[in-house]
>>> print(open('final.tsv').read())   # TSV, C-alpha atoms
chain	number	residue	atom	x	y	z
O	16	MET	CA	-30.64	24.51	-22.33
O	17	THR	CA	-30.17	20.75	-22.40
O	18	LEU	CA	-32.55	18.50	-24.19
O	19	ARG	CA	-33.35	15.05	-22.92
O	20	LYS	CA	-33.31	12.30	-25.48
O	21	ARG	CA	-36.68	10.67	-25.93
O	22	LYS	CA	-36.92	7.13	-24.51
O	23	ARG	CA	-36.93	4.37	-27.11
O	24	THR	CA	-39.92	2.60	-25.56
O	25	ARG	CA	-41.91	5.79	-25.91
O	26	SER	CA	-41.47	5.83	-29.66
O	27	LEU	CA	-42.14	2.08	-29.92
O	28	ARG	CA	-45.49	2.16	-28.12
O	29	GLY	CA	-48.01	-0.05	-29.91
O	30	SER	CA	-45.41	-1.95	-31.92
O	31	ARG	CA	-45.82	-5.12	-29.81
O	32	THR	CA	-42.27	-6.50	-30.15
O	33	HIS	CA	-40.35	-3.23	-29.79
O	34	GLY	CA	-37.99	-4.26	-32.55
O	35	TYR	CA	-36.93	-7.66	-31.18
O	36	GLY	CA	-38.68	-9.88	-33.73
O	37	ARG	CA	-41.38	-12.48	-33.20
O	38	ILE	CA	-42.43	-14.73	-30.37
O	39	GLY	CA	-40.78	-13.73	-27.14
O	40	GLN	CA	-37.32	-12.83	-28.29
O	41	HIS	CA	-35.64	-10.62	-25.68
O	42	ARG	CA	-37.63	-12.33	-22.94
O	43	LYS	CA	-36.49	-14.91	-20.41
O	44	GLY	CA	-32.83	-15.96	-20.31
O	45	GLY	CA	-32.09	-16.91	-23.89
O	46	GLN	CA	-30.87	-13.49	-24.89
O	47	ARG	CA	-28.36	-13.25	-22.04
O	48	GLY	CA	-27.04	-16.81	-22.22
O	49	GLY	CA	-29.20	-18.42	-19.57
O	50	LYS	CA	-30.58	-17.51	-16.18
O	51	GLY	CA	-28.51	-17.15	-13.06
O	52	LYS	CA	-25.11	-18.84	-13.13
O	53	ALA	CA	-25.73	-20.69	-16.39
O	54	GLY	CA	-22.73	-21.11	-18.67
O	55	GLY	CA	-20.12	-20.81	-15.92
O	56	GLN	CA	-18.02	-23.56	-17.53
O	57	LYS	CA	-19.04	-22.85	-21.12
O	58	HIS	CA	-19.84	-19.51	-22.76
O	59	ASP	CA	-19.52	-17.46	-19.54
O	60	TRP	CA	-16.12	-18.90	-18.53
O	61	THR	CA	-14.29	-15.59	-18.88
O	62	HIS	CA	-16.62	-14.03	-16.33
O	63	THR	CA	-16.03	-16.94	-13.95
O	64	VAL	CA	-12.26	-16.62	-14.22
O	65	ALA	CA	-12.31	-12.85	-13.76
O	66	LYS	CA	-15.01	-12.31	-11.12
O	67	ASP	CA	-15.51	-15.63	-9.32
O	68	PRO	CA	-12.28	-17.69	-9.50
O	69	LYS	CA	-13.03	-19.83	-6.42
O	70	ARG	CA	-16.41	-21.00	-7.73
O	71	TYR	CA	-15.34	-24.55	-8.53
O	72	ASP	CA	-12.55	-24.99	-5.97
O	73	LYS	CA	-12.62	-27.73	-3.38
O	74	HIS	CA	-11.57	-26.63	0.08
O	75	GLY	CA	-9.98	-29.14	2.43
O	76	PHE	CA	-11.21	-32.44	3.76
O	77	HIS	CA	-14.28	-33.01	5.93
O	78	ARG	CA	-13.91	-35.82	8.40
O	79	PRO	CA	-17.02	-37.97	8.90
O	80	GLU	CA	-19.19	-37.06	11.88
O	81	GLN	CA	-18.72	-40.54	13.40
O	82	ILE	CA	-14.94	-40.12	13.55
O	83	ARG	CA	-14.90	-36.61	15.00
O	84	LYS	CA	-14.74	-36.58	18.76
O	85	GLN	CA	-16.18	-33.58	20.54
O	86	LEU	CA	-14.49	-33.02	23.90
O	87	ARG	CA	-16.65	-31.67	26.69
O	88	THR	CA	-14.67	-28.89	28.34
O	89	ILE	CA	-14.92	-26.86	31.52
O	90	ASN	CA	-12.98	-23.84	32.78
O	91	ILE	CA	-11.16	-23.67	36.12
O	92	GLY	CA	-13.17	-20.61	37.14
O	93	GLU	CA	-16.42	-22.50	36.56
O	94	ILE	CA	-15.25	-25.36	38.76
O	95	ALA	CA	-14.31	-22.90	41.51
O	96	THR	CA	-17.65	-21.05	41.41
O	97	HIS	CA	-19.80	-24.20	41.24
O	98	LEU	CA	-17.99	-26.44	43.75
O	99	ASP	CA	-21.30	-27.63	45.22
O	100	ARG	CA	-22.05	-29.47	41.93
O	101	PHE	CA	-18.86	-31.53	42.17
O	102	THR	CA	-18.50	-32.19	45.95
O	103	GLU	CA	-20.82	-32.85	48.88
O	104	ALA	CA	-18.58	-31.38	51.60
O	105	ALA	CA	-17.86	-27.66	51.83
O	106	PRO	CA	-14.26	-26.85	50.81
O	107	ASP	CA	-11.82	-25.78	53.53
O	108	PRO	CA	-9.38	-23.13	52.22
O	109	LYS	CA	-6.78	-23.93	54.93
O	110	GLY	CA	-7.26	-27.72	55.06
O	111	PRO	CA	-6.25	-30.47	52.65
O	112	PRO	CA	-7.14	-30.06	48.93
O	113	THR	CA	-10.76	-30.78	48.03
O	114	GLN	CA	-11.15	-33.89	45.83
O	115	ILE	CA	-13.01	-33.29	42.54
O	116	ASP	CA	-13.52	-36.01	39.90
O	117	LEU	CA	-14.88	-34.63	36.61
O	118	THR	CA	-15.13	-37.91	34.66
O	119	PRO	CA	-18.50	-39.01	36.14
O	120	HIS	CA	-19.88	-35.57	35.23
O	121	GLY	CA	-18.94	-36.12	31.58
O	122	TYR	CA	-16.11	-33.60	31.24
O	123	ASP	CA	-13.08	-34.58	29.16
O	124	LYS	CA	-10.85	-31.52	29.32
O	125	VAL	CA	-10.10	-28.76	31.84
O	126	LEU	CA	-9.31	-25.32	30.44
O	127	GLY	CA	-7.47	-22.46	32.15
O	128	GLY	CA	-10.14	-19.75	32.08
O	129	GLY	CA	-10.88	-18.05	35.40
O	130	THR	CA	-9.12	-18.17	38.78
O	131	VAL	CA	-8.86	-20.59	41.72
O	132	HIS	CA	-8.05	-19.58	45.31
O	133	ILE	CA	-8.89	-22.88	47.04
O	134	PRO	CA	-6.57	-25.91	46.91
O	135	LEU	CA	-8.21	-28.58	44.72
O	136	THR	CA	-7.22	-32.06	43.59
O	137	VAL	CA	-8.86	-32.34	40.18
O	138	THR	CA	-9.14	-35.60	38.24
O	139	ALA	CA	-9.85	-35.42	34.49
O	140	PRO	CA	-8.48	-37.06	31.32
O	141	ILE	CA	-6.85	-33.90	29.87
O	142	PHE	CA	-5.63	-30.57	31.30
O	143	THR	CA	-4.24	-27.57	29.47
O	144	HIS	CA	-0.89	-26.34	30.75
O	145	ARG	CA	-2.45	-23.10	32.00
O	146	ALA	CA	-5.16	-24.95	33.95
O	147	ALA	CA	-2.54	-27.18	35.59
O	148	GLU	CA	-0.44	-24.14	36.52
O	149	LYS	CA	-3.38	-22.36	38.15
O	150	ILE	CA	-4.40	-25.42	40.19
O	151	LYS	CA	-0.82	-25.96	41.39
O	152	THR	CA	-0.30	-22.29	42.34
O	153	ALA	CA	-3.45	-22.44	44.47
O	154	GLY	CA	-1.91	-25.40	46.34
O	155	GLY	CA	-3.75	-28.22	44.58
O	156	LYS	CA	-2.86	-31.26	42.46
O	157	VAL	CA	-3.68	-32.46	38.96
O	158	LYS	CA	-4.48	-36.09	38.09
O	159	GLY	CA	-4.51	-36.64	34.33
O	160	GLU	CA	-2.58	-35.79	31.18
O	161	VAL	CA	-1.25	-32.23	30.97
O	162	LEU	CA	-0.88	-30.86	27.46
O	163	PRO	CA	2.40	-29.10	26.71
O	164	GLY	CA	2.27	-25.32	26.58
O	165	PRO	CA	3.58	-23.04	23.89
O	166	GLU	CA	7.35	-22.89	23.99
O	167	LYS	CA	8.88	-19.46	24.13
O	168	GLN	CA	11.21	-18.87	21.24
O	169	THR	CA	14.51	-17.46	22.37
O	170	THR	CA	16.12	-16.59	19.08
O	171	PRO	CA	18.82	-13.95	19.36
O	172	LYS	CA	18.15	-10.75	17.52
O	173	PRO	CA	20.40	-10.30	14.53
O	174	LYS	CA	23.03	-7.63	14.98
O	175	THR	CA	22.39	-4.67	12.79
O	176	THR	CA	25.68	-3.45	11.44
O	177	LYS	CA	25.99	-0.57	9.09
O	178	PRO	CA	27.68	-1.51	5.85
O	179	LYS	CA	31.09	0.08	5.45
O	180	PRO	CA	31.19	2.69	2.74
O	181	LYS	CA	33.11	1.59	-0.28
O	182	ALA	CA	36.30	3.45	-0.98
O	183	LYS	CA	36.17	5.59	-4.07
O	184	PRO	CA	38.65	4.56	-6.71
O	185	LYS	CA	41.50	7.02	-7.14
O	186	PRO	CA	41.45	8.87	-10.43
O	187	LYS	CA	44.23	7.96	-12.83
O	188	PRO	CA	46.74	10.73	-13.39
O	189	LYS	CA	46.54	12.34	-16.79
O	190	THR	CA	49.62	11.87	-18.91
O	191	LYS	CA	50.77	14.59	-21.17
O	192	THR	CA	51.66	13.59	-24.66
O	193	LYS	CA	54.40	15.37	-26.49
O	194	GLN	CA	53.60	16.63	-29.92
O	195	SER	CA	56.42	16.95	-32.42
>>> encode(input="final.tsv", output="structure tokens")
Amino acid sequence: MTLRKRKRTRSLRGSRTHGYGRIGQHRKGGQRGGKGKAGGQKHDWTHTVAKDPKRYDKHGFHRPEQIRKQLRTINIGEIATHLDRFTEAAPDPKGPPTQIDLTPHGYDKVLGGGTVHIPLTVTAPIFTHRAAEKIKTAGGKVKGEVLPGPEKQTTPKPKTTKPKPKAKPKPKPKTKTKQS
């Protein structure tokens, strides 16, 4: 049968300080070196190095909000589905390309998400290479800067040749010595 050890607080009932001396010792944060993250660069430095090494690191550079320019973007598929927002006339799939100018609508960049089946002549400041491809394959034209696409790397695969086994050195012939 196992016996449970009696709790210390049980035996110290009525002793007021429970063995920690006078006036609030073992209360608040003084006993443990401060509350929270106190002492991270002083007496608790070993804990910081071991458990939280990135606590005082600086990460990168934050450009000021005034300098950052947020481009307003739109996908090709969205243009194709909401043509009535950008043109007054109904598009003719077999006729000349429908003219769409996105600059008065506040768009800065055209992205390649979605599909286009109608020939369109789209005017915008910037196009991604995929958006320009999709417009041209549908029979349309692009007016604006087209960003270059990712270049395919055509590096030849290295030839894997098995290393030739090294020739074993021939054993030296044993010479017999004559004893006199």
>>> residues_around(input="final.tsv", residues="O:Asp116", least_positions_apart="2", cutoff="7 Å", atoms="only C-alpha atoms", output="PDB file with C-alpha atoms, in the frame of the given file")
ATOM      1  CA  GLN O 114     -11.150 -33.890  45.830  1.00  0.00           C
ATOM      2  CA  THR O 118     -15.130 -37.910  34.660  1.00  0.00           C
ATOM      3  CA  PRO O 119     -18.500 -39.010  36.140  1.00  0.00           C
ATOM      4  CA  VAL O 137      -8.860 -32.340  40.180  1.00  0.00           C
ATOM      5  CA  THR O 138      -9.140 -35.600  38.240  1.00  0.00           C
ATOM      6  CA  ALA O 139      -9.850 -35.420  34.490  1.00  0.00           C
TER       7      ALA O 139
END
>>> closest_residue(input="final.tsv", among="O:Ala147, O:Leu135, O:Leu18, O:Ile82", to="O:Gly164", atoms="only C-alpha atoms")
O:Ala147
>>> atom_distance(input="final.tsv", atom1="atom CA of O:Gly75", atom2="atom CA of O:Thr143")
27.7 Å
>>> closest_residue(input="final.tsv", among="O:Lys172, O:Arg28, O:Ile91, O:Leu98", to="O:Lys151", atoms="all atoms listed in the file")
O:Ile91
>>> atom_distance(input="final.tsv", atom1="atom CA of O:Thr113", atom2="atom CA of O:Lys156")
9.7 Å
>>> closest_residue(input="final.tsv", among="O:His62, O:Lys179, O:Arg21, O:Lys124", to="O:Leu86", atoms="only C-alpha atoms")
O:Lys124
>>> atom_distance(input="final.tsv", atom1="atom CA of O:Glu160", atom2="atom CA of O:Lys109")
26.9 Å
>>> residues_around(input="final.tsv", residues="O:Arg100", least_positions_apart="2", cutoff="12 Å", atoms="all atoms listed in the file", output="list of chain:residue names")
O:Glu93, O:Ile94, O:Ala95, O:Thr96, O:His97, O:Leu98, O:Thr102, O:Glu103, O:Ala104, O:Ala105, O:Ile115, O:Asp116, O:Leu117, O:Pro119, O:His120
>>> residues_around(input="final.tsv", residues="O:Asp123", least_positions_apart="5", cutoff="6 Å", atoms="only C-alpha atoms", output="list in words")
Leu86, Arg87, Thr88 and Pro140 of chain O
>>> closest_residue(input="final.tsv", among="O:Gln85, O:Thr136, O:Thr32, O:Thr130", to="O:Phe101", atoms="all atoms listed in the file")
O:Thr136
>>> closest_residue(input="final.tsv", among="O:Gly159, O:Pro188, O:Pro165, O:Gly39", to="O:Arg145", atoms="all atoms listed in the file")
O:Pro165
>>> residues_around(input="final.tsv", residues="O:Val161", least_positions_apart="2", cutoff="6 Å", atoms="all atoms listed in the file", output="ChimeraX atom specification")
/O:141-144
>>> decode(input="final.tsv", residues="stretch 169-188 of chain O", atoms="N, CA, C and O atoms", output="PDB file, in the first residue's frame")
ATOM      1  N   THR O 169      16.886  25.902 -69.152  1.00  0.00           N
ATOM      2  CA  THR O 169      17.214  24.717 -69.934  1.00  0.00           C
ATOM      3  C   THR O 169      18.647  24.317 -69.638  1.00  0.00           C
ATOM      4  O   THR O 169      19.532  24.461 -70.465  1.00  0.00           O
ATOM      5  N   THR O 170      18.872  23.858 -68.440  1.00  0.00           N
ATOM      6  CA  THR O 170      20.206  23.401 -68.075  1.00  0.00           C
ATOM      7  C   THR O 170      20.271  21.907 -68.344  1.00  0.00           C
ATOM      8  O   THR O 170      19.370  21.156 -67.956  1.00  0.00           O
ATOM      9  N   PRO O 171      21.305  21.464 -69.024  1.00  0.00           N
ATOM     10  CA  PRO O 171      21.396  20.032 -69.315  1.00  0.00           C
ATOM     11  C   PRO O 171      21.633  19.247 -68.026  1.00  0.00           C
ATOM     12  O   PRO O 171      22.321  19.718 -67.115  1.00  0.00           O
ATOM     13  N   LYS O 172      21.031  18.080 -67.988  1.00  0.00           N
ATOM     14  CA  LYS O 172      21.209  17.228 -66.819  1.00  0.00           C
ATOM     15  C   LYS O 172      22.632  16.679 -66.830  1.00  0.00           C
ATOM     16  O   LYS O 172      23.150  16.291 -67.884  1.00  0.00           O
ATOM     17  N   PRO O 173      23.264  16.643 -65.687  1.00  0.00           N
ATOM     18  CA  PRO O 173      24.619  16.095 -65.652  1.00  0.00           C
ATOM     19  C   PRO O 173      24.590  14.594 -65.909  1.00  0.00           C
ATOM     20  O   PRO O 173      23.695  13.886 -65.456  1.00  0.00           O
ATOM     21  N   LYS O 174      25.572  14.138 -66.674  1.00  0.00           N
ATOM     22  CA  LYS O 174      25.637  12.717 -66.976  1.00  0.00           C
ATOM     23  C   LYS O 174      26.102  11.980 -65.734  1.00  0.00           C
ATOM     24  O   LYS O 174      27.074  12.365 -65.091  1.00  0.00           O
ATOM     25  N   THR O 175      25.367  10.948 -65.427  1.00  0.00           N
ATOM     26  CA  THR O 175      25.747  10.145 -64.272  1.00  0.00           C
ATOM     27  C   THR O 175      26.586   8.981 -64.764  1.00  0.00           C
ATOM     28  O   THR O 175      26.094   8.093 -65.468  1.00  0.00           O
ATOM     29  N   THR O 176      27.836   9.016 -64.462  1.00  0.00           N
ATOM     30  CA  THR O 176      28.731   7.932 -64.848  1.00  0.00           C
ATOM     31  C   THR O 176      29.185   7.221 -63.598  1.00  0.00           C
ATOM     32  O   THR O 176      29.466   7.834 -62.565  1.00  0.00           O
ATOM     33  N   LYS O 177      29.223   5.916 -63.713  1.00  0.00           N
ATOM     34  CA  LYS O 177      29.673   5.129 -62.578  1.00  0.00           C
ATOM     35  C   LYS O 177      31.186   5.220 -62.493  1.00  0.00           C
ATOM     36  O   LYS O 177      31.885   5.123 -63.513  1.00  0.00           O
ATOM     37  N   PRO O 178      31.702   5.419 -61.303  1.00  0.00           N
ATOM     38  CA  PRO O 178      33.159   5.484 -61.180  1.00  0.00           C
ATOM     39  C   PRO O 178      33.767   4.112 -61.471  1.00  0.00           C
ATOM     40  O   PRO O 178      33.220   3.076 -61.110  1.00  0.00           O
ATOM     41  N   LYS O 179      34.891   4.140 -62.165  1.00  0.00           N
ATOM     42  CA  LYS O 179      35.562   2.887 -62.501  1.00  0.00           C
ATOM     43  C   LYS O 179      36.164   2.307 -61.229  1.00  0.00           C
ATOM     44  O   LYS O 179      36.746   3.023 -60.412  1.00  0.00           O
ATOM     45  N   PRO O 180      36.032   1.008 -61.080  1.00  0.00           N
ATOM     46  CA  PRO O 180      36.629   0.406 -59.882  1.00  0.00           C
ATOM     47  C   PRO O 180      38.147   0.460 -59.967  1.00  0.00           C
ATOM     48  O   PRO O 180      38.736   0.258 -61.024  1.00  0.00           O
ATOM     49  N   LYS O 181      38.744   0.754 -58.856  1.00  0.00           N
ATOM     50  CA  LYS O 181      40.195   0.849 -58.810  1.00  0.00           C
ATOM     51  C   LYS O 181      40.796  -0.557 -58.879  1.00  0.00           C
ATOM     52  O   LYS O 181      40.268  -1.496 -58.272  1.00  0.00           O
ATOM     53  N   ALA O 182      41.877  -0.657 -59.615  1.00  0.00           N
ATOM     54  CA  ALA O 182      42.555  -1.942 -59.718  1.00  0.00           C
ATOM     55  C   ALA O 182      43.263  -2.247 -58.411  1.00  0.00           C
ATOM     56  O   ALA O 182      43.885  -1.378 -57.799  1.00  0.00           O
ATOM     57  N   LYS O 183      43.143  -3.504 -58.001  1.00  0.00           N
ATOM     58  CA  LYS O 183      43.792  -3.906 -56.757  1.00  0.00           C
ATOM     59  C   LYS O 183      45.287  -4.049 -57.014  1.00  0.00           C
ATOM     60  O   LYS O 183      45.701  -4.576 -58.044  1.00  0.00           O
ATOM     61  N   PRO O 184      46.081  -3.560 -56.096  1.00  0.00           N
ATOM     62  CA  PRO O 184      47.528  -3.716 -56.304  1.00  0.00           C
ATOM     63  C   PRO O 184      47.922  -5.199 -56.223  1.00  0.00           C
ATOM     64  O   PRO O 184      47.369  -5.955 -55.430  1.00  0.00           O
ATOM     65  N   LYS O 185      48.852  -5.569 -57.080  1.00  0.00           N
ATOM     66  CA  LYS O 185      49.306  -6.962 -57.102  1.00  0.00           C
ATOM     67  C   LYS O 185      50.164  -7.207 -55.867  1.00  0.00           C
ATOM     68  O   LYS O 185      50.999  -6.373 -55.493  1.00  0.00           O
ATOM     69  N   PRO O 186      49.978  -8.365 -55.272  1.00  0.00           N
ATOM     70  CA  PRO O 186      50.815  -8.668 -54.099  1.00  0.00           C
ATOM     71  C   PRO O 186      52.260  -8.928 -54.523  1.00  0.00           C
ATOM     72  O   PRO O 186      52.518  -9.483 -55.588  1.00  0.00           O
ATOM     73  N   LYS O 187      53.181  -8.502 -53.685  1.00  0.00           N
ATOM     74  CA  LYS O 187      54.599  -8.697 -53.976  1.00  0.00           C
ATOM     75  C   LYS O 187      54.946 -10.168 -53.738  1.00  0.00           C
ATOM     76  O   LYS O 187      54.475 -10.767 -52.765  1.00  0.00           O
ATOM     77  N   PRO O 188      55.754 -10.707 -54.620  1.00  0.00           N
ATOM     78  CA  PRO O 188      56.130 -12.120 -54.415  1.00  0.00           C
ATOM     79  C   PRO O 188      57.043 -12.253 -53.193  1.00  0.00           C
ATOM     80  O   PRO O 188      57.885 -11.390 -52.921  1.00  0.00           O
TER      81      PRO O 188
END
